[in-house]
Amino acid sequence: MTLAEPAALSAPARRRASLPEGAGLEVVNGLTVEEAALCYLRQGFRALVVHGMGNGRCMCSRGARCQSPAKHPVAGGWTDGLQLGSEDKIRSWYRRLPHANIALLMGGEATADQHVIALDVDGDQGQASLDRLIAACGPVPETLTLRSGRDGPGYHLIFCLPREVAAEIGSVNGLLQGVDVKGPGGYVVVAPSVHRSRRRYQVVKGVPIAALPALHAAYLRNARAQLRKLDEDRRDLKPEDFARIGTAEDTPLVRAFAAAGWLGRQAKPGVFMVRCPWHVEHTGGGDGRDSSAVVFAASQLSPIGAFHCMHAHCAGRRLGDVLRALPAAARDLIPERPRAAPEPTLPRVLVSKEEARSRLLRAYREPGDGLSVVIAGCGVGKTEAAVTVAIERADRAHLAPEPRLRAPLHSRTVFVVPTLKLARQLAVRIDRDYVLAEQHEGPLAARNDDGSWACHYHDAAAAFAASRQSVRWSLCEGRGVSPCDRKDGCRAYNAPGPPDEARIAIFTFARLKVAAALAGKTGLLILDEPPPMLEHHALSGTWFGETERSLRYFEVEYVRALRPAVDALRRWLEAAPLGEPSPLDHIVGRDAIEEAKRVFEGSGAKLRWSAMRTQEISACRRSKAFAARIGAVGRGLSALCDAMHVPQDGARVCVEERKGHRVLVLSLPNMPLYEALRREGATVIVDANAGISLEVYERAVGYRPKVTEVHVADGCAVHRTQLRVRTTRTAFLSQDRLDVALLVRRLREVVSWVRQDPMTRRIAIVSFKLVEVALRSALGDDVGTAWGDLGQDEAALDEVRRLLAPELGKLPARPDFGHYGALRGLDEWRELDALVTLGDPWWLLTDVQRDARYIGLPDWERRYEALCAAELEQAHGRLRTVHRTRPARLLHVGNVVPGGWRDAQVWEPVGGRPKAERRDDADELAALVESVGGVKAVARLLGTSPGALRRYVGGERAIPAKALRKLADACAGWIWHDPGIRNGVDRRS
């Protein structure tokens, strides 16, 4: 039993008249059931009469056929009629049923505002769940504890909770794996009752009932909320979803259970009784072939059949668990589930350039109040049309004849763009026709006439800026105490501001909140390619360790506000189940969040954007390494601070495994963007791929935005080619190192395609950032620290250059390079002859799935592929094919079809990827995998994915000889897997 030993936090009001002085409830272990019932009554508990055991079977009318022997009340209506509310009633019942058991009814009042609940911990699964609860939330207080009579671990932990919390959790079987919660309306059998195993229940700790801490209660509330969500999903099903397909005998799952020898008799048409794969953990024992575990015939909802077991130990089981528990020969009878084909997308309607410009001007001139969306392809002219309308609005005059300082109504336009480079390009374009353009830049953006950075401490300041704290206030002005020694003559700090009378303002999304406020109710706010609606911040164990060491560099009040949340999240990271999102306030606690918000509000919100201690400012200027440390820690703390200020349950926390390490992902809405979309006034989103996020915007504002969609045909002949081969970010990595051999093969295919047309000379290659750095290095570019920052070995760079340089030298001219995610607004490639995208830029799968769950999107798979296709469309759009007058060529190397492509030529290269050396050692590998500790552990050891390893074990793919040798060598010193040993602790005793 894993219990802490601190004193109880609180105890219910109890009457001690029947207990000896100083004695606890352990005395009931030596009493008869009738005497124990009287003792419980005098301590303020509500008791029930429960059937007992006789001659090895339940004494109810069902006898040996009883599904819950010695655990159910003697008759119906037990919540009222069978409560033993008086001593006379107790004596009356136990004279009639001397061998009956006794149970305590949960939910009764422990104090005026407290209810009693019980955690029923059964078996090794229950013990493991309790261990995870303690590891995530801290030790549980000492409380009344009873041992059940079952074989193996079995405990009842009695706690009290606030009335509303106990009602929210309720009474749930299988709330955690192996743990039932008995709340209001539930009951637990107690000492000295007799279990079906003929052992007696016992009180092992007769101490007063303790209050369950708030963090532990939040853990249970979160688990209950997830179960309710599953129930809601089931209620959304339609009757036709359950329509049977064929007969039960033809159901793949029935055939698999029959092959395993686990199939029983047919209970009724479409339902077979089976042996549960986990029957040895059931309380009742036996071989498990009874009606408690059944397999259903195939249906529209589950084409291979369905499994259900009524025992609490199996409450958290899923069909995937059942399939994995089947023997391999039986599992082979289950066909692979066919993936639904994506619905065909409607072709884009193409219009002339003149019609496109007319529609775009109308969308900006008549946006209406609220949100509207402009969807236009790359190069159509959506930005040019927006500038035209902004200048028209700025030229409006005051209605009154006398001059005024304030701009007239509906004359201001505010642009918000993704990058500073785009902001400057836009300012140059506007200045050609309208001088007073207001461009907002920070100190880090200023440059000298020779192009060097104006800020003397630019590198350190840029690293510090990652913390989201104000560079101007913290480093330039030193928080009013320790200003920069170069501030007076600094061009970055003293740059002239924009003219007061400017009516067009340009911001980046980093200052979206300021931009929305400047637009006001009558200004037009134009959001050019906005960021995602959700932010995801990954906090690793390394980050928590670095934060613990660095908190002394931040203000005391800031640390006091965030320390409880940091500690709670660190515990959650260490023990929370993987892949289960939880609201932040359930983990941290609502009281801790409200206290933190009071601290921030009391500081006038200054702590949110400047929290570093004044004594550390000079060190931050001098040392880039120290500034980077503060930036990395501060970024996570700033995200946590933002998460505390979103509406209740708006921030979610999920623990994932990445590269063999647990990572805590904090997800929260992008609140500046959310508030900008819902502002009072006209807001226009301009994005070529806004259609993907249209449903997200609709859910954010609560109505269907006005949409203007414009697409224009190519202005010249454009030849589009796709080389369909697997080319992803992970494909280019082998044990986190660049697979140079694969990159050479792909580069040869690109060179072959380029040389097919002698007119193709100047090209650009777009790929992942690691590939771009490698290609630039091969042509002699100084990649600086970028190679090392990407986790690559500096010593391998010479080999990369040696292998890639000859291939790049076969191109007619030196190519340009770029990487996905950094191409928005890039206009320098419009005159190139061809553009190549090398690889499919898939988003992080867990982020897309998390977005879909958070926002409630029904089809995350379609969105996942659409985001990848949209990024490819952005890359190919750099050639500006709408305005070209001479032919262009486009090539994509990958399996995803870029957005907007129609009738592309599919090109198959001669030869193909060389196969790995084939060996017939699948059985040996399977034995090693099983002995070492399972597929995931071995996959991490070999640096491969669990899916690939399963294909090796199953014989679907040849086993690389070097992988088998590496595993065999590692096994010589491996600690062999023993199910009785977990986390280095032997639990078999």
# chains A, B, ... in the order shown; residues from 1 in each chain; ligands from 1
call {"tool": "residues_around", "arguments": {"residues": "Leu551 (chain A)", "least_positions_apart": "5", "cutoff": "12 Å", "atoms": "only C-alpha atoms", "output": "list in words"}}
result
Trp543, Phe544, Gly545, Glu546, Val556, Glu557, Tyr558, Val559, Arg560, Ala561, Leu562, Arg563, Val566, Ala611, Met612, Arg613, Glu616, Arg629, Ile630, Val633, Gly634 and Leu637 of chain A
call {"tool": "write_last_selection", "arguments": {"atoms": "N, CA, C and O atoms", "output": "short mmCIF file (atom, residue, chain, number, x, y, z; two decimals), in the first residue's frame"}}
result
data_model
loop_
_atom_site.label_atom_id
_atom_site.label_comp_id
_atom_site.auth_asym_id
_atom_site.auth_seq_id
_atom_site.Cartn_x
_atom_site.Cartn_y
_atom_site.Cartn_z
N TRP A 543 13.40 21.75 -19.25
CA TRP A 543 12.92 23.12 -19.02
C TRP A 543 12.56 23.32 -17.55
O TRP A 543 12.89 24.35 -16.95
N PHE A 544 11.88 22.35 -16.95
CA PHE A 544 11.51 22.48 -15.54
C PHE A 544 12.75 22.56 -14.65
O PHE A 544 12.80 23.33 -13.68
N GLY A 545 13.79 21.76 -14.98
CA GLY A 545 15.02 21.83 -14.20
C GLY A 545 15.70 23.17 -14.35
O GLY A 545 16.18 23.75 -13.35
N GLU A 546 15.78 23.70 -15.58
CA GLU A 546 16.39 25.00 -15.81
C GLU A 546 15.58 26.11 -15.14
O GLU A 546 16.16 27.08 -14.62
N VAL A 556 10.44 38.64 -7.03
CA VAL A 556 9.87 37.76 -6.00
C VAL A 556 8.37 37.60 -6.18
O VAL A 556 7.83 36.48 -6.07
N GLU A 557 7.67 38.68 -6.48
CA GLU A 557 6.22 38.59 -6.66
C GLU A 557 5.86 37.72 -7.87
O GLU A 557 4.89 36.96 -7.84
N TYR A 558 6.63 37.82 -8.93
CA TYR A 558 6.41 37.00 -10.13
C TYR A 558 6.60 35.53 -9.81
O TYR A 558 5.79 34.68 -10.22
N VAL A 559 7.63 35.21 -9.08
CA VAL A 559 7.89 33.82 -8.69
C VAL A 559 6.80 33.31 -7.77
O VAL A 559 6.33 32.17 -7.90
N ARG A 560 6.39 34.14 -6.81
CA ARG A 560 5.33 33.73 -5.87
C ARG A 560 4.03 33.42 -6.60
O ARG A 560 3.29 32.50 -6.23
N ALA A 561 3.77 34.15 -7.68
CA ALA A 561 2.53 33.93 -8.42
C ALA A 561 2.57 32.64 -9.23
O ALA A 561 1.55 31.95 -9.36
N LEU A 562 3.74 32.31 -9.79
CA LEU A 562 3.82 31.18 -10.72
C LEU A 562 4.37 29.90 -10.11
O LEU A 562 4.23 28.83 -10.69
N ARG A 563 5.00 29.97 -8.94
CA ARG A 563 5.62 28.79 -8.34
C ARG A 563 4.64 27.63 -8.13
O ARG A 563 4.94 26.49 -8.48
N VAL A 566 4.01 25.96 -11.50
CA VAL A 566 5.19 25.25 -12.02
C VAL A 566 5.37 23.92 -11.29
O VAL A 566 5.63 22.88 -11.91
N ALA A 611 9.59 41.07 -15.93
CA ALA A 611 9.65 40.40 -14.63
C ALA A 611 11.07 40.11 -14.18
O ALA A 611 11.26 39.59 -13.09
N MET A 612 12.08 40.41 -14.99
CA MET A 612 13.46 40.11 -14.60
C MET A 612 13.94 41.10 -13.55
O MET A 612 13.65 42.30 -13.62
N ARG A 613 14.69 40.61 -12.59
CA ARG A 613 15.21 41.48 -11.54
C ARG A 613 16.16 42.51 -12.13
O ARG A 613 16.92 42.24 -13.07
N GLU A 616 19.95 41.76 -12.63
CA GLU A 616 20.42 40.85 -13.68
C GLU A 616 20.43 41.50 -15.07
O GLU A 616 20.85 40.87 -16.03
N ARG A 629 19.34 31.86 -21.85
CA ARG A 629 18.78 31.09 -20.73
C ARG A 629 17.54 31.77 -20.18
O ARG A 629 16.52 31.13 -19.95
N ILE A 630 17.63 33.08 -19.97
CA ILE A 630 16.46 33.83 -19.48
C ILE A 630 15.33 33.78 -20.51
O ILE A 630 14.16 33.64 -20.17
N VAL A 633 13.58 30.19 -20.44
CA VAL A 633 12.77 30.02 -19.23
C VAL A 633 11.59 30.99 -19.24
O VAL A 633 10.45 30.63 -18.94
N GLY A 634 11.88 32.24 -19.60
CA GLY A 634 10.83 33.26 -19.60
C GLY A 634 9.72 32.98 -20.59
O GLY A 634 8.56 33.32 -20.34
N LEU A 637 7.39 30.53 -18.89
CA LEU A 637 6.66 31.20 -17.81
C LEU A 637 5.63 32.18 -18.36
O LEU A 637 4.53 32.31 -17.81
#
call {"tool": "atom_distance", "arguments": {"atom1": "CA of Ser470 (chain A)", "atom2": "CA of Arg552 (chain A)"}}
result
19.2 Å
call {"tool": "select_by_dssp", "arguments": {"residues": "region 337-573 of chain A", "states": "strand (DSSP E)", "output": "PyMOL selection string"}}
result
chain A and resi 350-351+370-376+413-417+437-439+504-508+524-528+534-540
call {"tool": "residues_around", "arguments": {"residues": "Gln722 (chain A)", "least_positions_apart": "4", "cutoff": "9 Å", "atoms": "only C-alpha atoms", "output": "count of residues only"}}
result
13
call {"tool": "closest_residue", "arguments": {"among": "A:Val28, A:Met106, A:Val389, A:Leu475", "to": "Cys620 (chain A)", "atoms": "only C-alpha atoms"}}
result
A:Leu475
